[in-house]
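Below is the file model.pdb, which contains PDB, N, CA and C atoms, pLDDT in the B column.
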```pdb
ATOM      1  N   MET D   1    -182.745 142.735 -22.399  1.00 92.00           N
ATOM      2  CA  MET D   1    -182.756 142.287 -23.781  1.00 92.00           C
ATOM      3  C   MET D   1    -184.139 141.704 -24.066  1.00 92.00           C
ATOM      4  N   GLU D   2    -184.658 142.008 -25.228  1.00 96.00           N
ATOM      5  CA  GLU D   2    -185.950 141.461 -25.601  1.00 96.00           C
ATOM      6  C   GLU D   2    -185.867 139.938 -25.696  1.00 96.00           C
ATOM      7  N   ARG D   3    -186.957 139.278 -25.293  1.00 95.00           N
ATOM      8  CA  ARG D   3    -186.980 137.824 -25.219  1.00 95.00           C
ATOM      9  C   ARG D   3    -186.686 137.171 -26.566  1.00 95.00           C
ATOM     10  N   ASP D   4    -187.255 137.675 -27.649  1.00 96.00           N
ATOM     11  CA  ASP D   4    -187.030 137.050 -28.963  1.00 96.00           C
ATOM     12  C   ASP D   4    -185.586 137.191 -29.418  1.00 96.00           C
ATOM     13  N   VAL D   5    -184.957 138.295 -29.085  1.00 97.00           N
ATOM     14  CA  VAL D   5    -183.543 138.488 -29.405  1.00 97.00           C
ATOM     15  C   VAL D   5    -182.696 137.541 -28.563  1.00 97.00           C
ATOM     16  N   ALA D   6    -183.018 137.448 -27.290  1.00 97.00           N
ATOM     17  CA  ALA D   6    -182.293 136.543 -26.396  1.00 97.00           C
ATOM     18  C   ALA D   6    -182.404 135.097 -26.880  1.00 97.00           C
ATOM     19  N   GLN D   7    -183.592 134.702 -27.285  1.00 96.00           N
ATOM     20  CA  GLN D   7    -183.817 133.338 -27.771  1.00 96.00           C
ATOM     21  C   GLN D   7    -182.987 133.068 -29.023  1.00 96.00           C
ATOM     22  N   SER D   8    -182.927 134.025 -29.912  1.00 97.00           N
ATOM     23  CA  SER D   8    -182.147 133.885 -31.140  1.00 97.00           C
ATOM     24  C   SER D   8    -180.652 133.783 -30.839  1.00 97.00           C
ATOM     25  N   ILE D   9    -180.178 134.610 -29.934  1.00 97.00           N
ATOM     26  CA  ILE D   9    -178.758 134.584 -29.567  1.00 97.00           C
ATOM     27  C   ILE D   9    -178.396 133.252 -28.915  1.00 97.00           C
ATOM     28  N   LEU D  10    -179.254 132.754 -28.034  1.00 96.00           N
ATOM     29  CA  LEU D  10    -178.994 131.451 -27.416  1.00 96.00           C
ATOM     30  C   LEU D  10    -178.918 130.356 -28.466  1.00 96.00           C
ATOM     31  N   ALA D  11    -179.853 130.358 -29.402  1.00 96.00           N
ATOM     32  CA  ALA D  11    -179.856 129.331 -30.440  1.00 96.00           C
ATOM     33  C   ALA D  11    -178.556 129.368 -31.243  1.00 96.00           C
ATOM     34  N   LEU D  12    -178.124 130.551 -31.618  1.00 96.00           N
ATOM     35  CA  LEU D  12    -176.879 130.681 -32.378  1.00 96.00           C
ATOM     36  C   LEU D  12    -175.667 130.248 -31.548  1.00 96.00           C
ATOM     37  N   THR D  13    -175.646 130.645 -30.294  1.00 96.00           N
ATOM     38  CA  THR D  13    -174.520 130.303 -29.432  1.00 96.00           C
ATOM     39  C   THR D  13    -174.415 128.796 -29.243  1.00 96.00           C
ATOM     40  N   PHE D  14    -175.552 128.136 -29.019  1.00 95.00           N
ATOM     41  CA  PHE D  14    -175.529 126.681 -28.871  1.00 95.00           C
ATOM     42  C   PHE D  14    -175.179 125.993 -30.183  1.00 95.00           C
ATOM     43  N   GLU D  15    -175.642 126.539 -31.294  1.00 96.00           N
ATOM     44  CA  GLU D  15    -175.286 125.967 -32.607  1.00 96.00           C
ATOM     45  C   GLU D  15    -173.776 126.033 -32.829  1.00 96.00           C
ATOM     46  N   TYR D  16    -173.188 127.183 -32.560  1.00 96.00           N
ATOM     47  CA  TYR D  16    -171.746 127.322 -32.763  1.00 96.00           C
ATOM     48  C   TYR D  16    -170.953 126.502 -31.750  1.00 96.00           C
ATOM     49  N   GLY D  17    -171.483 126.367 -30.538  1.00 95.00           N
ATOM     50  CA  GLY D  17    -170.840 125.500 -29.562  1.00 95.00           C
ATOM     51  C   GLY D  17    -170.808 124.061 -30.059  1.00 95.00           C
ATOM     52  N   GLY D  18    -171.902 123.622 -30.660  1.00 94.00           N
ATOM     53  CA  GLY D  18    -171.943 122.280 -31.236  1.00 94.00           C
ATOM     54  C   GLY D  18    -170.950 122.120 -32.366  1.00 94.00           C
ATOM     55  N   ARG D  19    -170.816 123.148 -33.171  1.00 96.00           N
ATOM     56  CA  ARG D  19    -169.851 123.100 -34.268  1.00 96.00           C
ATOM     57  C   ARG D  19    -168.424 123.033 -33.746  1.00 96.00           C
ATOM     58  N   LEU D  20    -168.160 123.775 -32.684  1.00 96.00           N
ATOM     59  CA  LEU D  20    -166.824 123.705 -32.084  1.00 96.00           C
ATOM     60  C   LEU D  20    -166.556 122.316 -31.529  1.00 96.00           C
ATOM     61  N   ASN D  21    -167.556 121.718 -30.892  1.00 94.00           N
ATOM     62  CA  ASN D  21    -167.383 120.347 -30.408  1.00 94.00           C
ATOM     63  C   ASN D  21    -167.111 119.391 -31.564  1.00 94.00           C
ATOM     64  N   ASP D  22    -167.830 119.558 -32.662  1.00 95.00           N
ATOM     65  CA  ASP D  22    -167.587 118.727 -33.848  1.00 95.00           C
ATOM     66  C   ASP D  22    -166.170 118.920 -34.368  1.00 95.00           C
ATOM     67  N   SER D  23    -165.691 120.150 -34.322  1.00 96.00           N
ATOM     68  CA  SER D  23    -164.341 120.403 -34.821  1.00 96.00           C
ATOM     69  C   SER D  23    -163.296 119.695 -33.959  1.00 96.00           C
ATOM     70  N   MET D  24    -163.591 119.555 -32.670  1.00 94.00           N
ATOM     71  CA  MET D  24    -162.655 118.824 -31.805  1.00 94.00           C
ATOM     72  C   MET D  24    -162.547 117.365 -32.231  1.00 94.00           C
ATOM     73  N   LEU D  25    -163.649 116.775 -32.662  1.00 93.00           N
ATOM     74  CA  LEU D  25    -163.604 115.392 -33.135  1.00 93.00           C
ATOM     75  C   LEU D  25    -162.688 115.266 -34.346  1.00 93.00           C
ATOM     76  N   ALA D  26    -162.766 116.247 -35.236  1.00 94.00           N
ATOM     77  CA  ALA D  26    -161.927 116.216 -36.430  1.00 94.00           C
ATOM     78  C   ALA D  26    -160.450 116.318 -36.053  1.00 94.00           C
ATOM     79  N   VAL D  27    -160.131 117.192 -35.104  1.00 95.00           N
ATOM     80  CA  VAL D  27    -158.739 117.344 -34.676  1.00 95.00           C
ATOM     81  C   VAL D  27    -158.271 116.082 -33.957  1.00 95.00           C
ATOM     82  N   ARG D  28    -159.125 115.505 -33.131  1.00 94.00           N
ATOM     83  CA  ARG D  28    -158.758 114.280 -32.421  1.00 94.00           C
ATOM     84  C   ARG D  28    -158.488 113.146 -33.408  1.00 94.00           C
ATOM     85  N   GLU D  29    -159.312 113.040 -34.442  1.00 93.00           N
ATOM     86  CA  GLU D  29    -159.149 111.975 -35.431  1.00 93.00           C
ATOM     87  C   GLU D  29    -157.881 112.140 -36.266  1.00 93.00           C
ATOM     88  N   ALA D  30    -157.330 113.352 -36.284  1.00 89.00           N
ATOM     89  CA  ALA D  30    -156.101 113.591 -37.031  1.00 89.00           C
ATOM     90  C   ALA D  30    -154.922 112.853 -36.387  1.00 89.00           C
ATOM     91  N   GLY D  31    -155.068 112.477 -35.105  1.00 78.00           N
ATOM     92  CA  GLY D  31    -154.086 111.599 -34.487  1.00 78.00           C
ATOM     93  C   GLY D  31    -152.988 112.237 -33.680  1.00 78.00           C
ATOM     94  N   ASP D  32    -152.836 113.538 -33.682  1.00 88.00           N
ATOM     95  CA  ASP D  32    -151.785 114.192 -32.913  1.00 88.00           C
ATOM     96  C   ASP D  32    -152.335 114.579 -31.538  1.00 88.00           C
ATOM     97  N   ALA D  33    -151.993 113.817 -30.517  1.00 92.00           N
ATOM     98  CA  ALA D  33    -152.549 114.014 -29.182  1.00 92.00           C
ATOM     99  C   ALA D  33    -152.182 115.377 -28.597  1.00 92.00           C
ATOM    100  N   GLU D  34    -150.963 115.823 -28.839  1.00 94.00           N
ATOM    101  CA  GLU D  34    -150.540 117.116 -28.303  1.00 94.00           C
ATOM    102  C   GLU D  34    -151.340 118.260 -28.932  1.00 94.00           C
ATOM    103  N   GLU D  35    -151.493 118.209 -30.236  1.00 94.00           N
ATOM    104  CA  GLU D  35    -152.276 119.233 -30.933  1.00 94.00           C
ATOM    105  C   GLU D  35    -153.729 119.203 -30.463  1.00 94.00           C
ATOM    106  N   PHE D  36    -154.276 118.000 -30.308  1.00 95.00           N
ATOM    107  CA  PHE D  36    -155.653 117.878 -29.843  1.00 95.00           C
ATOM    108  C   PHE D  36    -155.809 118.469 -28.442  1.00 95.00           C
ATOM    109  N   GLY D  37    -154.858 118.225 -27.565  1.00 96.00           N
ATOM    110  CA  GLY D  37    -154.920 118.788 -26.213  1.00 96.00           C
ATOM    111  C   GLY D  37    -154.958 120.308 -26.234  1.00 96.00           C
ATOM    112  N   ARG D  38    -154.102 120.901 -27.058  1.00 95.00           N
ATOM    113  CA  ARG D  38    -154.094 122.374 -27.178  1.00 95.00           C
ATOM    114  C   ARG D  38    -155.413 122.876 -27.735  1.00 95.00           C
ATOM    115  N   TYR D  39    -155.895 122.189 -28.759  1.00 96.00           N
ATOM    116  CA  TYR D  39    -157.141 122.611 -29.410  1.00 96.00           C
ATOM    117  C   TYR D  39    -158.323 122.463 -28.445  1.00 96.00           C
ATOM    118  N   ARG D  40    -158.361 121.357 -27.725  1.00 96.00           N
ATOM    119  CA  ARG D  40    -159.447 121.113 -26.772  1.00 96.00           C
ATOM    120  C   ARG D  40    -159.467 122.195 -25.696  1.00 96.00           C
ATOM    121  N   ARG D  41    -158.294 122.575 -25.199  1.00 97.00           N
ATOM    122  CA  ARG D  41    -158.232 123.651 -24.201  1.00 97.00           C
ATOM    123  C   ARG D  41    -158.721 124.971 -24.788  1.00 97.00           C
ATOM    124  N   ALA D  42    -158.338 125.249 -26.022  1.00 97.00           N
ATOM    125  CA  ALA D  42    -158.767 126.495 -26.667  1.00 97.00           C
ATOM    126  C   ALA D  42    -160.284 126.522 -26.834  1.00 97.00           C
ATOM    127  N   VAL D  43    -160.844 125.409 -27.299  1.00 97.00           N
ATOM    128  CA  VAL D  43    -162.296 125.338 -27.462  1.00 97.00           C
ATOM    129  C   VAL D  43    -162.978 125.454 -26.100  1.00 97.00           C
ATOM    130  N   GLY D  44    -162.421 124.814 -25.101  1.00 96.00           N
ATOM    131  CA  GLY D  44    -162.969 124.928 -23.749  1.00 96.00           C
ATOM    132  C   GLY D  44    -162.987 126.364 -23.266  1.00 96.00           C
ATOM    133  N   ASN D  45    -161.931 127.104 -23.566  1.00 97.00           N
ATOM    134  CA  ASN D  45    -161.877 128.519 -23.183  1.00 97.00           C
ATOM    135  C   ASN D  45    -162.959 129.327 -23.888  1.00 97.00           C
ATOM    136  N   VAL D  46    -163.159 129.047 -25.174  1.00 97.00           N
ATOM    137  CA  VAL D  46    -164.195 129.751 -25.942  1.00 97.00           C
ATOM    138  C   VAL D  46    -165.572 129.446 -25.366  1.00 97.00           C
ATOM    139  N   LEU D  47    -165.839 128.160 -25.119  1.00 96.00           N
ATOM    140  CA  LEU D  47    -167.149 127.768 -24.596  1.00 96.00           C
ATOM    141  C   LEU D  47    -167.372 128.324 -23.191  1.00 96.00           C
ATOM    142  N   ASP D  48    -166.337 128.312 -22.370  1.00 96.00           N
ATOM    143  CA  ASP D  48    -166.444 128.882 -21.027  1.00 96.00           C
ATOM    144  C   ASP D  48    -166.778 130.370 -21.100  1.00 96.00           C
ATOM    145  N   SER D  49    -166.108 131.064 -21.991  1.00 97.00           N
ATOM    146  CA  SER D  49    -166.365 132.493 -22.164  1.00 97.00           C
ATOM    147  C   SER D  49    -167.784 132.738 -22.675  1.00 97.00           C
ATOM    148  N   ALA D  50    -168.237 131.892 -23.597  1.00 96.00           N
ATOM    149  CA  ALA D  50    -169.598 132.039 -24.123  1.00 96.00           C
ATOM    150  C   ALA D  50    -170.622 131.864 -23.005  1.00 96.00           C
ATOM    151  N   PHE D  51    -170.401 130.876 -22.142  1.00 95.00           N
ATOM    152  CA  PHE D  51    -171.339 130.680 -21.031  1.00 95.00           C
ATOM    153  C   PHE D  51    -171.295 131.861 -20.076  1.00 95.00           C
ATOM    154  N   GLU D  52    -170.094 132.277 -19.717  1.00 96.00           N
ATOM    155  CA  GLU D  52    -169.950 133.343 -18.728  1.00 96.00           C
ATOM    156  C   GLU D  52    -170.471 134.690 -19.231  1.00 96.00           C
ATOM    157  N   ASN D  53    -170.210 135.000 -20.486  1.00 97.00           N
ATOM    158  CA  ASN D  53    -170.494 136.338 -20.997  1.00 97.00           C
ATOM    159  C   ASN D  53    -171.743 136.463 -21.854  1.00 97.00           C
ATOM    160  N   ILE D  54    -172.269 135.347 -22.339  1.00 96.00           N
ATOM    161  CA  ILE D  54    -173.441 135.404 -23.217  1.00 96.00           C
ATOM    162  C   ILE D  54    -174.601 134.603 -22.626  1.00 96.00           C
ATOM    163  N   ILE D  55    -174.388 133.312 -22.442  1.00 96.00           N
ATOM    164  CA  ILE D  55    -175.485 132.419 -22.063  1.00 96.00           C
ATOM    165  C   ILE D  55    -175.997 132.707 -20.652  1.00 96.00           C
ATOM    166  N   ASN D  56    -175.112 132.699 -19.662  1.00 95.00           N
ATOM    167  CA  ASN D  56    -175.553 132.907 -18.280  1.00 95.00           C
ATOM    168  C   ASN D  56    -176.258 134.246 -18.060  1.00 95.00           C
ATOM    169  N   PRO D  57    -175.743 135.357 -18.609  1.00 97.00           N
ATOM    170  CA  PRO D  57    -176.483 136.615 -18.437  1.00 97.00           C
ATOM    171  C   PRO D  57    -177.880 136.587 -19.085  1.00 97.00           C
ATOM    172  N   ILE D  58    -177.990 135.939 -20.237  1.00 97.00           N
ATOM    173  CA  ILE D  58    -179.306 135.845 -20.879  1.00 97.00           C
ATOM    174  C   ILE D  58    -180.244 135.002 -20.024  1.00 97.00           C
ATOM    175  N   LEU D  59    -179.743 133.870 -19.520  1.00 95.00           N
ATOM    176  CA  LEU D  59    -180.592 132.986 -18.721  1.00 95.00           C
ATOM    177  C   LEU D  59    -180.945 133.604 -17.380  1.00 95.00           C
ATOM    178  N   ALA D  60    -180.097 134.478 -16.873  1.00 96.00           N
ATOM    179  CA  ALA D  60    -180.428 135.183 -15.639  1.00 96.00           C
ATOM    180  C   ALA D  60    -181.622 136.111 -15.861  1.00 96.00           C
ATOM    181  N   GLU D  61    -181.675 136.701 -17.038  1.00 97.00           N
ATOM    182  CA  GLU D  61    -182.772 137.610 -17.377  1.00 97.00           C
ATOM    183  C   GLU D  61    -184.009 136.854 -17.857  1.00 97.00           C
ATOM    184  N   HIS D  62    -183.787 135.724 -18.534  1.00 96.00           N
ATOM    185  CA  HIS D  62    -184.879 134.940 -19.115  1.00 96.00           C
ATOM    186  C   HIS D  62    -184.721 133.466 -18.727  1.00 96.00           C
ATOM    187  N   PRO D  63    -184.939 133.114 -17.466  1.00 94.00           N
ATOM    188  CA  PRO D  63    -184.715 131.733 -17.031  1.00 94.00           C
ATOM    189  C   PRO D  63    -185.595 130.708 -17.752  1.00 94.00           C
ATOM    190  N   ASP D  64    -186.706 131.151 -18.283  1.00 94.00           N
ATOM    191  CA  ASP D  64    -187.592 130.229 -19.001  1.00 94.00           C
ATOM    192  C   ASP D  64    -186.986 129.749 -20.316  1.00 94.00           C
ATOM    193  N   LEU D  65    -185.913 130.379 -20.776  1.00 94.00           N
ATOM    194  CA  LEU D  65    -185.263 129.972 -22.028  1.00 94.00           C
ATOM    195  C   LEU D  65    -184.207 128.889 -21.814  1.00 94.00           C
ATOM    196  N   LYS D  66    -183.998 128.493 -20.564  1.00 91.00           N
ATOM    197  CA  LYS D  66    -182.967 127.499 -20.267  1.00 91.00           C
ATOM    198  C   LYS D  66    -183.335 126.162 -20.913  1.00 91.00           C
ATOM    199  N   PRO D  67    -182.470 125.646 -21.794  1.00 87.00           N
ATOM    200  CA  PRO D  67    -182.765 124.367 -22.454  1.00 87.00           C
ATOM    201  C   PRO D  67    -182.683 123.197 -21.476  1.00 87.00           C
ATOM    202  N   ASP D  68    -183.440 122.153 -21.773  1.00 80.00           N
ATOM    203  CA  ASP D  68    -183.506 120.986 -20.893  1.00 80.00           C
ATOM    204  C   ASP D  68    -182.133 120.393 -20.605  1.00 80.00           C
ATOM    205  N   GLN D  69    -181.235 120.360 -21.607  1.00 78.00           N
ATOM    206  CA  GLN D  69    -179.926 119.743 -21.389  1.00 78.00           C
ATOM    207  C   GLN D  69    -179.103 120.499 -20.346  1.00 78.00           C
ATOM    208  N   LEU D  70    -179.415 121.750 -20.079  1.00 78.00           N
ATOM    209  CA  LEU D  70    -178.726 122.495 -19.030  1.00 78.00           C
ATOM    210  C   LEU D  70    -179.395 122.314 -17.677  1.00 78.00           C
ATOM    211  N   LYS D  71    -180.553 121.685 -17.654  1.00 77.00           N
ATOM    212  CA  LYS D  71    -181.271 121.463 -16.402  1.00 77.00           C
ATOM    213  C   LYS D  71    -180.895 120.144 -15.752  1.00 77.00           C
ATOM    214  N   LEU D  72    -180.061 119.341 -16.405  1.00 69.00           N
ATOM    215  CA  LEU D  72    -179.654 118.051 -15.847  1.00 69.00           C
ATOM    216  C   LEU D  72    -178.988 118.267 -14.502  1.00 69.00           C
ATOM    217  N   GLY D  73    -179.391 117.473 -13.543  1.00 63.00           N
ATOM    218  CA  GLY D  73    -178.777 117.554 -12.231  1.00 63.00           C
ATOM    219  C   GLY D  73    -179.415 118.581 -11.320  1.00 63.00           C
ATOM    220  N   GLU D  74    -180.289 119.409 -11.846  1.00 67.00           N
ATOM    221  CA  GLU D  74    -180.963 120.380 -11.000  1.00 67.00           C
ATOM    222  C   GLU D  74    -182.069 119.691 -10.235  1.00 67.00           C
ATOM    223  N   ARG D  75    -182.255 120.095  -9.033  1.00 58.00           N
ATOM    224  CA  ARG D  75    -183.357 119.572  -8.237  1.00 58.00           C
ATOM    225  C   ARG D  75    -184.563 120.471  -8.403  1.00 58.00           C
ATOM    226  N   GLU D  76    -185.688 119.843  -8.525  1.00 55.00           N
ATOM    227  CA  GLU D  76    -186.924 120.626  -8.577  1.00 55.00           C
ATOM    228  C   GLU D  76    -187.325 120.943  -7.159  1.00 55.00           C
ATOM    229  N   SER D  77    -187.636 122.183  -6.928  1.00 49.00           N
ATOM    230  CA  SER D  77    -188.091 122.562  -5.588  1.00 49.00           C
ATOM    231  C   SER D  77    -189.569 122.215  -5.460  1.00 49.00           C
ATOM    232  N   GLU D  78    -189.878 121.661  -4.325  1.00 40.00           N
ATOM    233  CA  GLU D  78    -191.273 121.235  -4.093  1.00 40.00           C
ATOM    234  C   GLU D  78    -191.930 122.120  -3.083  1.00 40.00           C
TER     235      GLU D  78
END
```
Final C-alpha coordinates representation of the file:
Amino acid sequence: MERDVAQSILALTFEYGGRLNDSMLAVREAGDAEEFGRYRRAVGNVLDSAFENIINPILAEHPDLKPDQLKLGERESE
(Lines of atoms letter the chains of each structure in order from A and count residues from 1; the text may use other names and numbers.)
(Lines give C-alpha, C1' and ligand atoms only; values in the text may rest on other atoms or scores of the structure.)
Protein backbone atom coordinates (compact mmCIF):
# COMPACT_ATOMS: atom_id res chain seq x y z
CA MET A 1 0.00 0.00 0.00
CA GLU A 2 1.30 3.44 -0.81
CA ARG A 3 2.55 5.31 2.25
CA ASP A 4 0.22 8.31 1.85
CA VAL A 5 -2.81 6.03 1.54
CA ALA A 6 -1.69 4.04 4.57
CA GLN A 7 -1.22 7.24 6.57
CA SER A 8 -4.71 8.44 5.64
CA ILE A 9 -6.31 5.11 6.55
CA LEU A 10 -4.54 5.07 9.92
CA ALA A 11 -5.71 8.59 10.68
CA LEU A 12 -9.31 7.70 9.86
CA THR A 13 -9.18 4.45 11.81
CA PHE A 14 -7.82 6.17 14.91
CA GLU A 15 -10.38 8.97 14.55
CA TYR A 16 -13.26 6.50 14.42
CA GLY A 17 -11.76 4.51 17.28
CA GLY A 18 -11.81 7.69 19.34
CA ARG A 19 -15.41 8.30 18.39
CA LEU A 20 -16.33 4.78 19.45
CA ASN A 21 -14.62 5.36 22.79
CA ASP A 22 -16.59 8.59 23.19
CA SER A 23 -19.79 6.72 22.43
CA MET A 24 -19.02 4.32 25.27
CA LEU A 25 -18.94 7.26 27.68
CA ALA A 26 -22.40 8.28 26.52
CA VAL A 27 -23.76 4.76 27.03
CA ARG A 28 -22.10 4.49 30.44
CA GLU A 29 -23.60 7.82 31.52
CA ALA A 30 -27.06 6.53 30.57
CA GLY A 31 -26.82 4.45 33.75
CA ASP A 32 -27.71 0.93 32.61
CA ALA A 33 -24.70 -1.19 33.61
CA GLU A 34 -25.85 -4.28 31.71
CA GLU A 35 -26.36 -2.35 28.48
CA PHE A 36 -23.01 -0.62 28.94
CA GLY A 37 -21.27 -3.99 29.40
CA ARG A 38 -22.74 -5.31 26.16
CA TYR A 39 -21.89 -2.11 24.32
CA ARG A 40 -18.34 -2.03 25.69
CA ARG A 41 -17.75 -5.61 24.54
CA ALA A 42 -19.12 -4.79 21.09
CA VAL A 43 -16.88 -1.73 20.77
CA GLY A 44 -13.94 -3.79 22.00
CA ASN A 45 -14.62 -6.35 19.28
CA VAL A 46 -14.72 -3.62 16.62
CA LEU A 47 -11.49 -2.05 17.86
CA ASP A 48 -9.78 -5.44 18.11
CA SER A 49 -10.80 -6.23 14.55
CA ALA A 50 -9.58 -2.82 13.36
CA PHE A 51 -6.18 -3.43 14.92
CA GLU A 52 -5.90 -6.98 13.63
CA ASN A 53 -7.15 -6.36 10.10
CA ILE A 54 -6.29 -2.73 9.36
CA ILE A 55 -3.80 -1.11 11.73
CA ASN A 56 -1.33 -3.94 12.36
CA PRO A 57 -0.96 -4.89 8.67
CA ILE A 58 -0.34 -1.24 7.76
CA LEU A 59 2.21 -0.81 10.55
CA ALA A 60 3.94 -4.02 9.51
CA GLU A 61 4.45 -2.50 6.07
CA HIS A 62 5.09 1.06 7.30
CA PRO A 63 6.51 0.87 10.85
CA ASP A 64 7.51 4.53 10.71
CA LEU A 65 3.80 5.45 10.81
CA LYS A 66 3.35 3.97 14.29
CA PRO A 67 1.97 6.74 16.54
CA ASP A 68 3.75 7.50 19.81
CA GLN A 69 0.79 6.36 21.93
CA LEU A 70 1.24 2.84 20.52
CA LYS A 71 4.93 2.87 21.39
CA LEU A 72 4.28 3.02 25.15
CA GLY A 73 5.98 0.19 26.93
CA GLU A 74 8.26 -0.65 24.04
CA ARG A 75 11.92 -0.90 24.80
CA GLU A 76 14.35 0.91 22.61
CA SER A 77 17.05 -1.37 21.35
CA GLU A 78 20.51 -0.05 21.97
For D:Gly17, which of D:Tyr39, D:Glu29, D:Asp68, D:Val46 is the closest residue, counting only N, CA and C atoms?
->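 Counting only N, CA and C atoms, the residue closest to D:Gly17 is D:Val46.
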Which one is closest to D:Ala6: D:Leu65, D:Gly44, D:Leu20, D:Val27? Count all atoms listed in the file.
-> D:Leu65
Run the PyMOL selection byres (((chain D and resi 59 and name CA) around 12) and name CA) on the file and write out the hits as a PyMOL selection string.
-> chain D and resi 1+3+6-7+9-10+51-58+60-67+70-71
Create the file for the chosen residues now, containing N, CA and C atoms and written as a short mmCIF file (atom, residue, chain, number, x, y, z; two decimals), in the frame of the given file.
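Resulting contents of again_9.cif:
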```
data_model
loop_
_atom_site.label_atom_id
_atom_site.label_comp_id
_atom_site.auth_asym_id
_atom_site.auth_seq_id
_atom_site.Cartn_x
_atom_site.Cartn_y
_atom_site.Cartn_z
N MET D 1 -182.74 142.74 -22.40
CA MET D 1 -182.76 142.29 -23.78
C MET D 1 -184.14 141.70 -24.07
N ARG D 3 -186.96 139.28 -25.29
CA ARG D 3 -186.98 137.82 -25.22
C ARG D 3 -186.69 137.17 -26.57
N ALA D 6 -183.02 137.45 -27.29
CA ALA D 6 -182.29 136.54 -26.40
C ALA D 6 -182.40 135.10 -26.88
N GLN D 7 -183.59 134.70 -27.28
CA GLN D 7 -183.82 133.34 -27.77
C GLN D 7 -182.99 133.07 -29.02
N ILE D 9 -180.18 134.61 -29.93
CA ILE D 9 -178.76 134.58 -29.57
C ILE D 9 -178.40 133.25 -28.92
N LEU D 10 -179.25 132.75 -28.03
CA LEU D 10 -178.99 131.45 -27.42
C LEU D 10 -178.92 130.36 -28.47
N PHE D 51 -170.40 130.88 -22.14
CA PHE D 51 -171.34 130.68 -21.03
C PHE D 51 -171.30 131.86 -20.08
N GLU D 52 -170.09 132.28 -19.72
CA GLU D 52 -169.95 133.34 -18.73
C GLU D 52 -170.47 134.69 -19.23
N ASN D 53 -170.21 135.00 -20.49
CA ASN D 53 -170.49 136.34 -21.00
C ASN D 53 -171.74 136.46 -21.85
N ILE D 54 -172.27 135.35 -22.34
CA ILE D 54 -173.44 135.40 -23.22
C ILE D 54 -174.60 134.60 -22.63
N ILE D 55 -174.39 133.31 -22.44
CA ILE D 55 -175.48 132.42 -22.06
C ILE D 55 -176.00 132.71 -20.65
N ASN D 56 -175.11 132.70 -19.66
CA ASN D 56 -175.55 132.91 -18.28
C ASN D 56 -176.26 134.25 -18.06
N PRO D 57 -175.74 135.36 -18.61
CA PRO D 57 -176.48 136.62 -18.44
C PRO D 57 -177.88 136.59 -19.08
N ILE D 58 -177.99 135.94 -20.24
CA ILE D 58 -179.31 135.84 -20.88
C ILE D 58 -180.24 135.00 -20.02
N ALA D 60 -180.10 134.48 -16.87
CA ALA D 60 -180.43 135.18 -15.64
C ALA D 60 -181.62 136.11 -15.86
N GLU D 61 -181.68 136.70 -17.04
CA GLU D 61 -182.77 137.61 -17.38
C GLU D 61 -184.01 136.85 -17.86
N HIS D 62 -183.79 135.72 -18.53
CA HIS D 62 -184.88 134.94 -19.11
C HIS D 62 -184.72 133.47 -18.73
N PRO D 63 -184.94 133.11 -17.47
CA PRO D 63 -184.72 131.73 -17.03
C PRO D 63 -185.60 130.71 -17.75
N ASP D 64 -186.71 131.15 -18.28
CA ASP D 64 -187.59 130.23 -19.00
C ASP D 64 -186.99 129.75 -20.32
N LEU D 65 -185.91 130.38 -20.78
CA LEU D 65 -185.26 129.97 -22.03
C LEU D 65 -184.21 128.89 -21.81
N LYS D 66 -184.00 128.49 -20.56
CA LYS D 66 -182.97 127.50 -20.27
C LYS D 66 -183.34 126.16 -20.91
N PRO D 67 -182.47 125.65 -21.79
CA PRO D 67 -182.76 124.37 -22.45
C PRO D 67 -182.68 123.20 -21.48
N LEU D 70 -179.42 121.75 -20.08
CA LEU D 70 -178.73 122.50 -19.03
C LEU D 70 -179.40 122.31 -17.68
N LYS D 71 -180.55 121.68 -17.65
CA LYS D 71 -181.27 121.46 -16.40
C LYS D 71 -180.90 120.14 -15.75
#
```
List every residue of chain D that DSSP, applied to the backbone of this structure, assigns to alpha helix (DSSP H), and report them as an NGL selection string.
-> :D and (3-29 or 33-50 or 56-61)
Hey, can I get the axis-aligned box for stretch 19-24 of chain D? All listed atoms, 3 Å padding on each side, centre and edge lengths in Å to one decimal, as AutoDock Vina command-line options.
```
--center_x -166.7 --center_y 120.6 --center_z -32.6 --size_x 14.3 --size_y 12.4 --size_z 10.4
```
So how many Å separate atom N of D:Ala26 and atom N of D:Arg38, to one decimal?
->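 A separation of 12.8 Å between them.
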Nearby residues (only C-alpha atoms) at most 9 Å from D:Arg40, same-chain spacing under 4 positions excluded, as a ChimeraX atom specification | /D:21,24,27-28,35-36,44-45
A straight line from atom C of D:Leu12 to atom C of D:Glu34 spans 27.2 Å
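Put simply, atom C of D:Ala30 is 17.5 Å away from atom C of D:Ala42.
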Between D:Leu25, D:Ala33, D:Ala50, D:Val43, which is the closest to D:Thr13 once you count only C-alpha atoms?
->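 Comparing D:Leu25, D:Ala33, D:Ala50, D:Val43 against D:Thr13, the winner is D:Ala50.
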